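Structure data (mmCIF, C-alpha atoms) from upload-v4.cif:
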```cif
data_query
#
loop_
_atom_site.label_atom_id
_atom_site.label_comp_id
_atom_site.auth_asym_id
_atom_site.auth_seq_id
_atom_site.Cartn_x
_atom_site.Cartn_y
_atom_site.Cartn_z
CA MET Z 1 -71.63 -134.36 140.18
CA LYS Z 2 -73.44 -131.30 138.85
CA LYS Z 3 -76.55 -130.18 140.68
CA ARG Z 4 -79.86 -130.09 138.82
CA GLN Z 5 -80.19 -126.33 139.34
CA ASP Z 6 -76.73 -125.73 137.82
CA LEU Z 7 -77.69 -127.77 134.77
CA LYS Z 8 -80.95 -125.87 134.39
CA ARG Z 9 -79.15 -122.55 134.60
CA THR Z 10 -76.60 -123.71 132.04
CA ILE Z 11 -79.32 -124.84 129.62
CA ASN Z 12 -81.19 -121.55 129.93
CA LYS Z 13 -77.99 -119.59 129.34
CA ILE Z 14 -77.14 -121.65 126.25
CA ALA Z 15 -80.76 -121.44 125.03
CA ASN Z 16 -80.70 -117.64 125.20
CA GLU Z 17 -77.66 -117.64 122.99
CA TRP Z 18 -78.32 -120.50 120.57
CA LEU Z 19 -82.01 -121.48 120.39
CA GLY Z 20 -83.53 -120.51 117.06
CA LYS Z 21 -80.14 -119.96 115.43
CA LYS Z 22 -78.60 -122.18 112.74
CA GLY Z 23 -81.59 -124.50 112.76
CA ILE Z 24 -81.37 -125.29 116.48
CA ILE Z 25 -84.93 -126.06 117.62
CA GLY Z 26 -84.24 -127.65 120.97
CA ILE Z 27 -81.55 -127.93 123.61
CA SER Z 28 -81.11 -130.38 126.43
CA VAL Z 29 -78.55 -132.00 128.68
CA GLU Z 30 -78.01 -135.73 128.62
CA LYS Z 31 -75.91 -138.03 130.74
CA ILE Z 32 -74.01 -140.52 128.62
CA GLU Z 33 -71.70 -143.03 130.34
CA GLY Z 34 -71.46 -140.86 133.43
CA LYS Z 35 -70.72 -137.59 131.61
CA PHE Z 36 -73.09 -134.72 130.84
CA TYR Z 37 -73.40 -133.51 127.25
CA ILE Z 38 -75.28 -130.62 125.70
CA ILE Z 39 -77.64 -131.86 122.97
CA PHE Z 40 -78.59 -129.57 120.09
CA TYR Z 41 -81.71 -130.72 118.19
CA VAL Z 42 -81.12 -129.33 114.73
CA ASN Z 43 -83.61 -129.02 111.89
CA VAL Z 44 -81.18 -128.71 109.00
CA LYS Z 45 -80.86 -131.32 106.25
CA ASP Z 46 -77.12 -131.10 105.65
CA PHE Z 47 -75.62 -129.47 108.67
CA LYS Z 48 -71.92 -128.74 109.03
CA ASP Z 49 -70.24 -129.58 112.31
CA SER Z 50 -68.17 -126.47 111.93
CA ASP Z 51 -71.28 -124.30 112.29
CA TYR Z 52 -71.70 -125.35 115.92
CA PRO Z 53 -69.45 -125.12 118.96
CA LYS Z 54 -67.63 -128.27 120.10
CA GLU Z 55 -67.97 -127.33 123.75
CA LEU Z 56 -70.11 -124.95 125.79
CA GLU Z 57 -69.87 -124.07 129.48
CA GLY Z 58 -67.52 -127.00 129.97
CA TYR Z 59 -69.81 -129.56 128.32
CA LYS Z 60 -69.24 -131.29 125.00
CA VAL Z 61 -71.91 -130.62 122.39
CA ILE Z 62 -73.70 -133.39 120.48
CA ILE Z 63 -75.77 -132.54 117.39
CA ARG Z 64 -78.96 -134.50 116.69
CA THR Z 65 -80.99 -134.01 113.58
CA SER Z 66 -84.69 -133.57 114.17
CA GLU Z 67 -87.86 -132.75 112.32
CA LYS Z 68 -89.73 -129.57 113.14
CA PHE Z 69 -91.88 -129.89 116.23
CA ILE Z 70 -95.54 -129.11 115.56
CA PRO Z 71 -98.63 -129.07 117.79
CA LEU Z 72 -100.25 -132.52 117.73
CA GLY Z 73 -103.80 -131.27 117.51
CA LYS Z 74 -104.92 -132.56 114.13
CA ILE Z 75 -106.19 -135.87 112.85
CA MET P 1 -152.71 -152.73 127.10
CA ASN P 2 -152.45 -150.71 123.89
CA LYS P 3 -155.67 -148.95 124.80
CA VAL P 4 -154.19 -147.94 128.14
CA LYS P 5 -151.13 -146.59 126.41
CA GLN P 6 -153.31 -144.64 124.02
CA ILE P 7 -155.13 -143.02 126.92
CA ALA P 8 -151.86 -142.12 128.59
CA TYR P 9 -150.60 -140.63 125.37
CA ARG P 10 -153.78 -138.63 124.85
CA ILE P 11 -153.71 -137.32 128.39
CA ALA P 12 -150.07 -136.45 128.17
CA LYS P 13 -150.55 -134.59 124.93
CA SER P 14 -153.73 -132.71 125.66
CA PHE P 15 -153.61 -132.15 129.36
CA VAL P 16 -150.20 -132.46 130.88
CA TRP P 17 -147.94 -131.05 128.20
CA ASN P 18 -150.09 -128.42 126.57
CA GLY P 19 -152.43 -127.20 129.24
CA PHE P 20 -151.73 -127.90 132.82
CA ARG P 21 -147.96 -127.76 132.58
CA GLU P 22 -147.82 -124.36 130.98
CA LYS P 23 -150.52 -122.70 133.04
CA LYS P 24 -149.63 -123.87 136.46
CA HIS P 25 -145.87 -124.02 136.03
CA ILE P 26 -145.81 -127.46 137.47
CA LYS P 27 -143.12 -129.63 136.00
CA PHE P 28 -144.15 -133.04 134.77
CA TYR P 29 -141.25 -135.17 133.64
CA GLY P 30 -143.23 -138.08 132.29
CA VAL P 31 -146.48 -139.91 132.11
CA GLY P 32 -147.31 -143.58 131.80
CA ALA P 33 -150.28 -145.86 132.35
CA PHE P 34 -150.97 -149.35 133.53
CA LYS P 35 -153.99 -151.53 134.20
CA ARG P 36 -154.67 -153.08 137.60
CA LYS P 37 -157.76 -155.16 138.37
CA GLY P 38 -159.54 -153.73 135.34
CA GLU P 39 -158.81 -150.16 136.34
CA ILE P 40 -156.71 -147.80 134.31
CA ILE P 41 -154.11 -146.08 136.44
CA LEU P 42 -152.24 -143.12 135.15
CA SER P 43 -148.71 -142.74 136.46
CA ILE P 44 -147.38 -139.20 136.59
CA TYR P 45 -143.76 -138.28 137.28
CA LEU P 46 -143.66 -134.90 138.91
CA ASP P 47 -140.84 -132.69 140.14
CA GLU P 48 -140.27 -133.36 143.82
CA LYS P 49 -140.56 -129.71 144.74
CA PHE P 50 -144.31 -129.92 144.00
CA PHE P 51 -144.81 -132.47 146.75
CA ASN P 52 -147.40 -130.28 148.48
CA TYR P 53 -149.53 -130.10 145.34
CA GLU P 54 -150.42 -133.82 145.32
CA HIS P 55 -153.96 -133.37 146.53
CA TYR P 56 -154.59 -130.44 144.20
CA ILE P 57 -153.30 -132.35 141.15
CA ASN P 58 -155.43 -135.37 142.02
CA GLN P 59 -158.48 -133.15 142.19
CA LEU P 60 -157.70 -131.61 138.80
CA PHE P 61 -157.32 -135.00 137.17
CA GLN P 62 -160.60 -136.21 138.61
CA LYS P 63 -162.26 -133.15 137.14
CA PHE P 64 -161.13 -134.02 133.61
CA TYR P 65 -160.91 -137.82 133.73
CA LYS P 66 -163.41 -139.17 136.16
CA ASN P 67 -162.69 -142.85 135.55
CA VAL P 68 -158.94 -142.62 135.61
CA LYS P 69 -157.00 -143.10 138.80
CA VAL P 70 -153.77 -141.22 139.19
CA LYS P 71 -150.58 -142.35 140.86
CA ILE P 72 -148.10 -139.54 141.40
CA THR P 73 -144.41 -140.26 141.73
CA PHE P 74 -142.16 -137.43 142.81
CA CYS P 75 -138.72 -137.47 141.29
CA GLU P 76 -135.63 -135.41 140.49
CA LYS P 77 -134.97 -133.85 137.12
CA PHE P 78 -134.00 -136.42 134.49
CA ILE P 79 -130.72 -135.75 132.76
CA PRO P 80 -129.12 -137.53 129.81
CA TYR P 81 -126.66 -140.23 130.82
CA MET P 82 -123.52 -139.78 128.77
CA ASN P 83 -119.95 -140.86 128.96
CA LEU P 84 -116.74 -138.88 128.70
CA SER P 85 -113.53 -140.88 128.66
CA VAL P 86 -109.86 -140.04 128.82
CA GLY P 87 -108.49 -140.31 125.28
CA ASP P 88 -111.74 -139.15 123.62
CA LYS P 89 -111.46 -137.12 120.41
CA VAL P 90 -112.33 -133.54 121.38
CA ARG P 91 -111.98 -130.00 120.09
CA HIS P 92 -113.16 -126.40 120.19
CA LYS P 93 -116.30 -126.20 118.04
CA GLY P 94 -114.59 -123.89 115.54
CA LEU P 95 -111.57 -126.13 114.96
CA ARG P 96 -111.08 -128.39 111.94
CA GLY P 97 -108.86 -131.04 113.53
CA TRP P 98 -109.28 -133.03 116.72
CA GLY P 99 -107.17 -133.40 119.84
CA THR P 100 -107.37 -135.57 122.93
CA LEU P 101 -109.27 -135.23 126.17
CA GLY P 102 -106.42 -135.58 128.67
CA GLY P 103 -108.33 -136.04 131.90
CA PHE P 104 -110.56 -134.52 134.53
CA CYS P 105 -109.71 -131.81 137.02
CA LYS P 106 -111.29 -129.57 139.58
CA GLU P 107 -110.56 -125.93 140.14
CA LEU P 108 -109.31 -125.21 143.62
CA GLY P 109 -112.00 -123.35 145.52
CA THR P 110 -114.90 -124.31 143.25
CA SER P 111 -116.83 -127.49 142.58
CA TYR P 112 -116.56 -127.29 138.79
CA LYS P 113 -115.70 -130.49 136.97
CA LEU P 114 -113.23 -129.64 134.24
CA ALA P 115 -111.94 -131.39 131.14
CA ILE P 116 -108.32 -130.66 130.28
CA SER P 117 -106.51 -130.46 126.95
CA ASN P 118 -104.29 -128.01 125.09
CA ASN P 119 -104.95 -124.37 124.26
CA HIS P 120 -104.63 -125.32 120.56
CA VAL P 121 -107.34 -127.99 121.03
CA PHE P 122 -109.88 -126.28 123.33
CA ALA P 123 -109.10 -122.59 122.74
CA ASN P 124 -108.24 -122.72 119.03
CA SER P 125 -104.70 -121.32 119.63
CA ASN P 126 -105.93 -118.17 121.43
CA ASN P 127 -108.79 -117.63 118.92
CA ALA P 128 -111.61 -118.51 121.28
CA GLN P 129 -113.89 -116.82 123.76
CA LEU P 130 -114.58 -118.16 127.22
CA GLY P 131 -117.89 -120.00 127.07
CA ASP P 132 -117.35 -121.31 123.53
CA PRO P 133 -118.73 -124.83 123.03
CA LEU P 134 -116.43 -127.85 123.26
CA GLU P 135 -117.20 -130.84 121.13
CA LYS P 136 -116.66 -134.57 121.45
CA TYR P 137 -116.44 -136.72 118.32
CA PRO P 138 -118.60 -137.01 116.26
CA ASN P 139 -120.73 -133.96 117.18
CA GLN P 140 -121.67 -133.90 120.84
CA ILE P 141 -121.26 -130.65 122.79
CA PHE P 142 -120.08 -131.76 126.22
CA GLY P 143 -119.04 -128.49 127.81
CA GLU P 144 -117.69 -125.00 127.33
CA LEU P 145 -114.33 -123.28 127.45
CA TYR P 146 -113.61 -122.09 130.97
CA LYS P 147 -109.96 -121.02 131.16
CA PHE P 148 -106.84 -121.06 129.02
CA ILE P 149 -103.28 -119.81 129.22
CA PRO P 150 -102.65 -117.63 126.14
CA LEU P 151 -99.81 -118.70 123.85
CA LYS P 152 -97.19 -115.96 123.64
CA PRO P 153 -95.46 -115.10 120.36
CA TYR P 154 -91.69 -115.37 119.89
CA PRO P 155 -89.41 -114.25 121.55
CA LYS P 156 -91.56 -114.46 124.68
CA ILE P 157 -91.29 -117.75 126.52
CA ASN P 158 -94.20 -120.14 127.04
CA LEU P 159 -94.42 -122.60 129.87
CA VAL P 160 -97.60 -124.45 128.94
CA ASP P 161 -100.11 -125.01 126.15
CA VAL P 162 -103.24 -125.72 128.15
CA ALA P 163 -106.96 -125.03 128.43
CA VAL P 164 -109.82 -126.39 130.50
CA GLY P 165 -113.55 -126.58 129.90
CA ILE P 166 -116.50 -127.01 132.24
CA ILE P 167 -118.20 -130.36 131.72
CA TYR P 168 -121.98 -130.18 131.51
CA GLU P 169 -124.11 -132.04 134.02
CA GLY P 170 -124.99 -135.65 133.32
CA TYR P 171 -121.66 -136.97 132.14
CA LYS P 172 -120.10 -140.05 133.63
CA LEU P 173 -116.35 -139.44 133.72
CA ASP P 174 -114.17 -142.40 132.88
CA TRP P 175 -110.42 -142.53 133.57
CA ILE P 176 -110.12 -145.89 131.74
CA ASN P 177 -108.90 -148.59 134.11
CA ARG P 178 -106.44 -146.56 136.17
CA LYS P 179 -107.21 -143.29 137.87
CA PRO P 180 -103.94 -141.38 138.45
CA LYS P 181 -102.71 -141.11 142.02
CA GLY P 182 -101.80 -137.44 141.88
CA ILE P 183 -99.19 -135.23 140.26
CA GLY P 184 -95.54 -136.27 140.06
CA LYS P 185 -92.24 -134.94 138.82
CA PRO P 186 -90.88 -136.12 135.49
CA ARG P 187 -87.44 -137.73 135.59
CA ARG P 188 -85.00 -138.84 132.93
CA ASN P 189 -85.43 -142.49 131.87
CA MET P 190 -88.85 -142.66 133.55
CA LEU P 191 -91.23 -145.16 131.93
CA VAL P 192 -94.49 -143.42 131.03
CA TYR P 193 -97.77 -144.13 129.24
CA LYS P 194 -100.65 -142.19 127.76
CA TYR P 195 -104.08 -142.62 126.15
CA GLY P 196 -104.40 -140.62 122.95
CA ALA P 197 -107.25 -140.16 120.48
CA ARG P 198 -104.99 -141.12 117.57
CA THR P 199 -102.62 -143.81 118.82
CA GLY P 200 -104.51 -145.04 121.89
CA TYR P 201 -102.43 -146.54 124.67
CA THR P 202 -98.69 -146.19 124.13
CA GLU P 203 -95.62 -146.42 126.32
CA GLY P 204 -92.53 -144.28 126.17
CA ILE P 205 -89.46 -143.20 128.02
CA ILE P 206 -88.54 -139.71 129.13
CA GLU P 207 -85.39 -138.80 127.24
CA ASN P 208 -84.95 -135.39 128.83
CA THR P 209 -86.59 -132.85 131.08
CA GLY P 210 -86.19 -129.10 131.44
CA SER P 211 -85.44 -128.62 127.74
CA PRO P 212 -86.17 -125.40 125.83
CA PHE P 213 -87.74 -126.00 122.39
CA ILE P 214 -89.14 -124.10 119.45
CA VAL P 215 -92.51 -125.35 118.18
CA ASN P 216 -94.00 -124.30 114.87
CA TYR P 217 -97.67 -123.26 115.31
CA GLY P 218 -98.17 -122.37 111.65
CA HIS P 219 -99.24 -119.13 109.99
CA HIS P 220 -101.22 -117.61 112.82
CA LEU P 221 -98.76 -117.80 115.71
CA GLY P 222 -95.55 -118.85 113.95
CA GLU P 223 -92.71 -120.37 115.94
CA LEU P 224 -93.18 -120.33 119.68
CA ASN P 225 -90.58 -120.67 122.38
CA PHE P 226 -91.25 -123.24 125.12
CA LYS P 227 -89.28 -123.64 128.32
CA ASP P 228 -88.79 -126.77 130.44
CA CYS P 229 -90.23 -129.29 128.00
CA ILE P 230 -90.25 -133.02 128.66
CA VAL P 231 -88.84 -134.95 125.69
CA ILE P 232 -90.38 -138.39 125.25
CA ARG P 233 -89.51 -141.26 122.90
CA GLY P 234 -91.88 -144.08 122.16
CA ILE P 235 -91.14 -147.72 122.93
CA ASN P 236 -92.07 -150.02 120.04
CA GLY P 237 -93.33 -147.15 117.86
CA PRO P 238 -94.32 -143.50 118.19
CA PHE P 239 -95.47 -142.30 121.61
CA ALA P 240 -97.77 -139.68 120.11
CA LEU P 241 -98.90 -138.56 116.64
CA PRO P 242 -101.06 -135.67 115.38
CA GLY P 243 -104.41 -135.99 117.19
CA ASP P 244 -102.83 -137.02 120.50
CA SER P 245 -102.37 -133.45 121.75
CA GLY P 246 -103.72 -133.08 125.25
CA SER P 247 -102.95 -136.65 126.39
CA LEU P 248 -101.73 -136.85 129.95
CA VAL P 249 -98.33 -138.45 130.44
CA ILE P 250 -98.47 -140.80 133.40
CA ALA P 251 -95.56 -142.52 135.18
CA LYS P 252 -96.03 -146.25 134.83
CA LYS P 253 -94.61 -147.16 138.23
CA SER P 254 -96.21 -144.52 140.47
CA ASN P 255 -99.31 -143.84 138.30
CA LYS P 256 -98.80 -140.10 138.83
CA VAL P 257 -99.42 -137.54 136.10
CA VAL P 258 -96.11 -135.95 135.11
CA GLY P 259 -96.97 -134.06 131.92
CA MET P 260 -99.31 -133.29 129.06
CA ILE P 261 -98.45 -133.85 125.37
CA PHE P 262 -98.60 -130.76 123.18
CA SER P 263 -96.26 -131.23 120.26
CA GLY P 264 -94.06 -133.67 118.40
CA GLU P 265 -92.08 -134.43 115.32
CA GLY P 266 -94.34 -135.21 112.38
CA ARG P 267 -92.90 -138.73 112.03
CA GLY P 268 -93.48 -139.31 115.74
CA GLU P 269 -89.98 -140.22 116.90
CA ARG P 270 -90.00 -137.71 119.74
CA CYS P 271 -92.73 -135.64 121.32
CA LEU P 272 -92.85 -132.85 123.86
CA ALA P 273 -94.92 -132.47 126.99
CA ASN P 274 -95.40 -129.66 129.50
CA PRO P 275 -94.76 -130.57 133.14
CA PHE P 276 -98.13 -131.12 134.79
CA SER P 277 -97.01 -129.38 138.00
CA TYR P 278 -96.70 -126.14 135.97
CA ILE P 279 -100.17 -126.67 134.48
CA ALA P 280 -101.75 -127.28 137.89
CA LYS P 281 -100.04 -124.19 139.33
CA LYS P 282 -100.94 -121.90 136.41
CA LEU P 283 -104.61 -122.91 136.29
CA LYS P 284 -104.99 -123.53 140.04
CA ILE P 285 -106.40 -126.98 139.48
CA ASP P 286 -106.02 -130.49 140.85
CA LEU P 287 -106.92 -133.88 139.40
CA LEU P 288 -110.49 -134.98 139.95
#
```
How does the structure come out when it is put into structure tokens?
Amino acid sequence: MKKRQDLKRTINKIANEWLGKKGIIGISVEKIEGKFYIIFYVNVKDFKDSDYPKELEGYKVIIRTSEKFIPLGKI
Amino acid sequence: MNKVKQIAYRIAKSFVWNGFREKKHIKFYGVGAFKRKGEIILSIYLDEKFFNYEHYINQLFQKFYKNVKVKITFCEKFIPYMNLSVGDKVRHKGLRGWGTLGGFCKELGTSYKLAISNNHVFANSNNAQLGDPLEKYPNQIFGELYKFIPLKPYPKINLVDVAVGIIYEGYKLDWINRKPKGIGKPRRNMLVYKYGARTGYTEGIIENTGSPFIVNYGHHLGELNFKDCIVIRGINGPFALPGDSGSLVIAKKSNKVVGMIFSGEGRGERCLANPFSYIAKKLKIDLL
């Protein structure tokens, strides 16, 4: 079982390298069926799997398409 | 009785408001009149700090209105009775859109009552001066900007998008049904709720915590880097939409505030919140 601090450090390390590149607008870690995965939130219409790593720091990478995040201060 | 009222009005206009009040610097808050046993009695509401002047004022009245008896009531200053509720539509006066009033806080070490929302709601995304007026929908100035954490341009990292304003005297503060029981830590799969100006009460689930994200603030600030965001998904519809910025995210089970909404996807599938513990630490505030 990975400690929370280890996961946080891993995310920050990956963020430094990948956030803002190739349409990646967010990164998180998610536990799915007992295993931790790195989630890339990607704002690209037709992304290619080959543009992104399959595994990082020992975690498998899952790509999720997302819209751009904007401040929610307007009605 | 109309005649009595007319006298009261005449006295108020000619004597209290225009003459006596200005010259003697004695504060009258109101004047009324009633009739008792055929006698007209003028009722004067006077600031309590002029308690010692009662005899003097009575003498003055007798000089001008010999047949009118005066009853003096000492009172505190009257202030407008207004309401400010969590989820109200609020903004910096210079802003075109509206955001949400998240809740009420106090600054540690002072007695100020503060309203909390985002920097991009109260401080116009860094384009505001401390003391600028804050507005509640439709056009009621309820306070002024007191503090905000400036948003830092890329590649610098932001922790929070937050600002607080001092609430003017006379407002009744309403947490709507449930006052939060303090500040808590967000956890994955935690059930949460919020009151927003756009979508009202909604429930959601925390999908992730501690996530770095890029948020597009438009032409002025561009894309900003945020650390340790809380990712929330709505249950039965969007958790937050444009206009809900500033809403506090509250854990349903513990009723503790865990975050504050600041951004989201346009279609509303996911939204992001800043951890409230960071906000409290940065601004040195606690919930009211």
I'd like the contact shell of segment 16-19 of chain Z - 10 Å cut-off, all atoms listed in the file, skipping same-chain residues fewer than 3 positions apart - returned as a PDB file with C-alpha atoms, in the frame of the given file.
```pdb
ATOM      1  CA  ILE Z  11     -79.320-124.840 129.620  1.00  0.00           C
ATOM      2  CA  ASN Z  12     -81.190-121.550 129.930  1.00  0.00           C
ATOM      3  CA  LYS Z  13     -77.990-119.590 129.340  1.00  0.00           C
ATOM      4  CA  LYS Z  22     -78.600-122.180 112.740  1.00  0.00           C
ATOM      5  CA  GLY Z  23     -81.590-124.500 112.760  1.00  0.00           C
ATOM      6  CA  ILE Z  24     -81.370-125.290 116.480  1.00  0.00           C
ATOM      7  CA  ILE Z  25     -84.930-126.060 117.620  1.00  0.00           C
ATOM      8  CA  GLY Z  26     -84.240-127.650 120.970  1.00  0.00           C
ATOM      9  CA  ILE Z  27     -81.550-127.930 123.610  1.00  0.00           C
ATOM     10  CA  PHE Z  40     -78.590-129.570 120.090  1.00  0.00           C
ATOM     11  CA  TYR Z  41     -81.710-130.720 118.190  1.00  0.00           C
ATOM     12  CA  VAL Z  42     -81.120-129.330 114.730  1.00  0.00           C
ATOM     13  CA  TYR Z  52     -71.700-125.350 115.920  1.00  0.00           C
TER      14      TYR Z  52
ATOM     15  CA  PRO P 212     -86.170-125.400 125.830  1.00  0.00           C
ATOM     16  CA  PHE P 213     -87.740-126.000 122.390  1.00  0.00           C
ATOM     17  CA  ILE P 214     -89.140-124.100 119.450  1.00  0.00           C
ATOM     18  CA  ASN P 225     -90.580-120.670 122.380  1.00  0.00           C
TER      19      ASN P 225
END
```
Legend entry - Residues returned when the PyMOL selection byres ((chain P and resi 82-96) around 7) runs on this file, as a list in words: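 This file, filtered by the PyMOL selection byres ((chain P and resi 82-96) around 7), leaves Pro80, Tyr81, Gly97, Trp98, Gly99, Thr100, Leu101, Gly102, Gly103, Val121, Phe122, Ala123, Asn124, Pro133, Leu134, Glu135, Lys136, Tyr137, Gly170, Tyr171, Lys172, Leu173, Asp174, Trp175, Ile176, Tyr195, Gly196, Ala197 and Ser247 of chain P.
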Once you have the residues from the selection above, write them out as an mmCIF file, keeping the file's coordinate frame, restricted to C-alpha atoms.
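Now in out.cif:
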```cif
data_model
loop_
_atom_site.group_PDB
_atom_site.id
_atom_site.type_symbol
_atom_site.label_atom_id
_atom_site.label_comp_id
_atom_site.auth_asym_id
_atom_site.auth_seq_id
_atom_site.Cartn_x
_atom_site.Cartn_y
_atom_site.Cartn_z
ATOM 1 C CA PRO P 80 -129.120 -137.530 129.810
ATOM 2 C CA TYR P 81 -126.660 -140.230 130.820
ATOM 3 C CA GLY P 97 -108.860 -131.040 113.530
ATOM 4 C CA TRP P 98 -109.280 -133.030 116.720
ATOM 5 C CA GLY P 99 -107.170 -133.400 119.840
ATOM 6 C CA THR P 100 -107.370 -135.570 122.930
ATOM 7 C CA LEU P 101 -109.270 -135.230 126.170
ATOM 8 C CA GLY P 102 -106.420 -135.580 128.670
ATOM 9 C CA GLY P 103 -108.330 -136.040 131.900
ATOM 10 C CA VAL P 121 -107.340 -127.990 121.030
ATOM 11 C CA PHE P 122 -109.880 -126.280 123.330
ATOM 12 C CA ALA P 123 -109.100 -122.590 122.740
ATOM 13 C CA ASN P 124 -108.240 -122.720 119.030
ATOM 14 C CA PRO P 133 -118.730 -124.830 123.030
ATOM 15 C CA LEU P 134 -116.430 -127.850 123.260
ATOM 16 C CA GLU P 135 -117.200 -130.840 121.130
ATOM 17 C CA LYS P 136 -116.660 -134.570 121.450
ATOM 18 C CA TYR P 137 -116.440 -136.720 118.320
ATOM 19 C CA GLY P 170 -124.990 -135.650 133.320
ATOM 20 C CA TYR P 171 -121.660 -136.970 132.140
ATOM 21 C CA LYS P 172 -120.100 -140.050 133.630
ATOM 22 C CA LEU P 173 -116.350 -139.440 133.720
ATOM 23 C CA ASP P 174 -114.170 -142.400 132.880
ATOM 24 C CA TRP P 175 -110.420 -142.530 133.570
ATOM 25 C CA ILE P 176 -110.120 -145.890 131.740
ATOM 26 C CA TYR P 195 -104.080 -142.620 126.150
ATOM 27 C CA GLY P 196 -104.400 -140.620 122.950
ATOM 28 C CA ALA P 197 -107.250 -140.160 120.480
ATOM 29 C CA SER P 247 -102.950 -136.650 126.390
#
```
Inset, instruction - Kindly provide, as a PyMOL selection string, the residues of chain P having any atom no farther than 7 Å from an atom of chain Z, counting all atoms listed in the file. - result: chain P and resi 97-99+120-121+208+210-217+241-245+262-266
Inset, instruction - Grab the atom CA of Cys229 of chain P to atom CA of Ile116 of chain P distance for me, in Å with one decimal place. - result: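 Distance reported for this atom pair: 18.3 Å.
The space separating atom CA of Lys77 of chain P from atom CA of Phe142 of chain P comes to 18.6 Å.
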Inset, instruction - Would you work out the distance separating atom CA of Arg36 of chain P from atom CA of Lys66 of chain P, expressed in Å to one decimal? - result: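 Spanning atom CA of Arg36 of chain P to atom CA of Lys66 of chain P is a straight-line distance of 16.5 Å.
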Inset, instruction - Give as a ChimeraX atom specification the set of residues within 8 Å of the point (-99.7, -144.5, 138.7), where distances use the file's coordinates and all atoms listed in the file. - result: /P:178-181,250-257
Inset, instruction - Go through the shown structure with the PyMOL selection byres ((chain P and resi 270-276) around 8) and write out the matching residues as an MDAnalysis selection string. - result: (chainID Z and resid 69) or (chainID P and resid 159:161 183:186 228:234 238:240 249 257:265 268:269 277:280)
Inset, instruction - I need the residue set behind the PyMOL selection byres ((chain P and resi 50-61) around 9) for this file; please write it as a PyMOL selection string. - result: chain P and resi 26-27+46-49+62-66+68-72+74
Would you kindly place N, CA and C atoms on segment 59-73 of chain Z and return the model as a PDB file, in the frame of the given file?
```
ATOM      1  N   TYR Z  59     -69.170-128.316 128.767  1.00  0.00           N
ATOM      2  CA  TYR Z  59     -69.810-129.560 128.320  1.00  0.00           C
ATOM      3  C   TYR Z  59     -69.590-129.761 126.822  1.00  0.00           C
ATOM      4  N   LYS Z  60     -69.352-131.007 126.427  1.00  0.00           N
ATOM      5  CA  LYS Z  60     -69.240-131.290 125.000  1.00  0.00           C
ATOM      6  C   LYS Z  60     -70.621-131.212 124.351  1.00  0.00           C
ATOM      7  N   VAL Z  61     -70.643-130.805 123.093  1.00  0.00           N
ATOM      8  CA  VAL Z  61     -71.910-130.620 122.390  1.00  0.00           C
ATOM      9  C   VAL Z  61     -72.139-131.762 121.394  1.00  0.00           C
ATOM     10  N   ILE Z  62     -73.324-132.346 121.447  1.00  0.00           N
ATOM     11  CA  ILE Z  62     -73.700-133.390 120.480  1.00  0.00           C
ATOM     12  C   ILE Z  62     -74.824-132.822 119.613  1.00  0.00           C
ATOM     13  N   ILE Z  63     -74.722-133.029 118.307  1.00  0.00           N
ATOM     14  CA  ILE Z  63     -75.770-132.540 117.390  1.00  0.00           C
ATOM     15  C   ILE Z  63     -76.676-133.714 117.008  1.00  0.00           C
ATOM     16  N   ARG Z  64     -77.985-133.488 117.134  1.00  0.00           N
ATOM     17  CA  ARG Z  64     -78.960-134.500 116.690  1.00  0.00           C
ATOM     18  C   ARG Z  64     -79.882-133.872 115.680  1.00  0.00           C
ATOM     19  N   THR Z  65     -80.051-134.556 114.555  1.00  0.00           N
ATOM     20  CA  THR Z  65     -80.990-134.010 113.580  1.00  0.00           C
ATOM     21  C   THR Z  65     -82.423-134.328 114.030  1.00  0.00           C
ATOM     22  N   SER Z  66     -83.302-133.399 113.725  1.00  0.00           N
ATOM     23  CA  SER Z  66     -84.690-133.570 114.170  1.00  0.00           C
ATOM     24  C   SER Z  66     -85.620-132.933 113.155  1.00  0.00           C
ATOM     25  N   GLU Z  67     -86.852-133.446 113.129  1.00  0.00           N
ATOM     26  CA  GLU Z  67     -87.860-132.750 112.320  1.00  0.00           C
ATOM     27  C   GLU Z  67     -88.366-131.552 113.096  1.00  0.00           C
ATOM     28  N   LYS Z  68     -89.100-130.668 112.417  1.00  0.00           N
ATOM     29  CA  LYS Z  68     -89.730-129.570 113.140  1.00  0.00           C
ATOM     30  C   LYS Z  68     -90.740-130.119 114.122  1.00  0.00           C
ATOM     31  N   PHE Z  69     -90.847-129.490 115.269  1.00  0.00           N
ATOM     32  CA  PHE Z  69     -91.880-129.890 116.230  1.00  0.00           C
ATOM     33  C   PHE Z  69     -93.145-129.070 115.931  1.00  0.00           C
ATOM     34  N   ILE Z  70     -94.251-129.766 115.861  1.00  0.00           N
ATOM     35  CA  ILE Z  70     -95.540-129.110 115.560  1.00  0.00           C
ATOM     36  C   ILE Z  70     -96.568-129.508 116.629  1.00  0.00           C
ATOM     37  N   PRO Z  71     -97.583-128.663 116.845  1.00  0.00           N
ATOM     38  CA  PRO Z  71     -98.630-129.070 117.790  1.00  0.00           C
ATOM     39  C   PRO Z  71     -99.322-130.333 117.272  1.00  0.00           C
ATOM     40  N   LEU Z  72     -99.674-131.238 118.174  1.00  0.00           N
ATOM     41  CA  LEU Z  72    -100.250-132.520 117.730  1.00  0.00           C
ATOM     42  C   LEU Z  72    -101.783-132.509 117.797  1.00  0.00           C
ATOM     43  N   GLY Z  73    -102.353-131.393 117.365  1.00  0.00           N
ATOM     44  CA  GLY Z  73    -103.800-131.270 117.510  1.00  0.00           C
ATOM     45  C   GLY Z  73    -104.597-131.515 116.250  1.00  0.00           C
TER      46      GLY Z  73
END
```
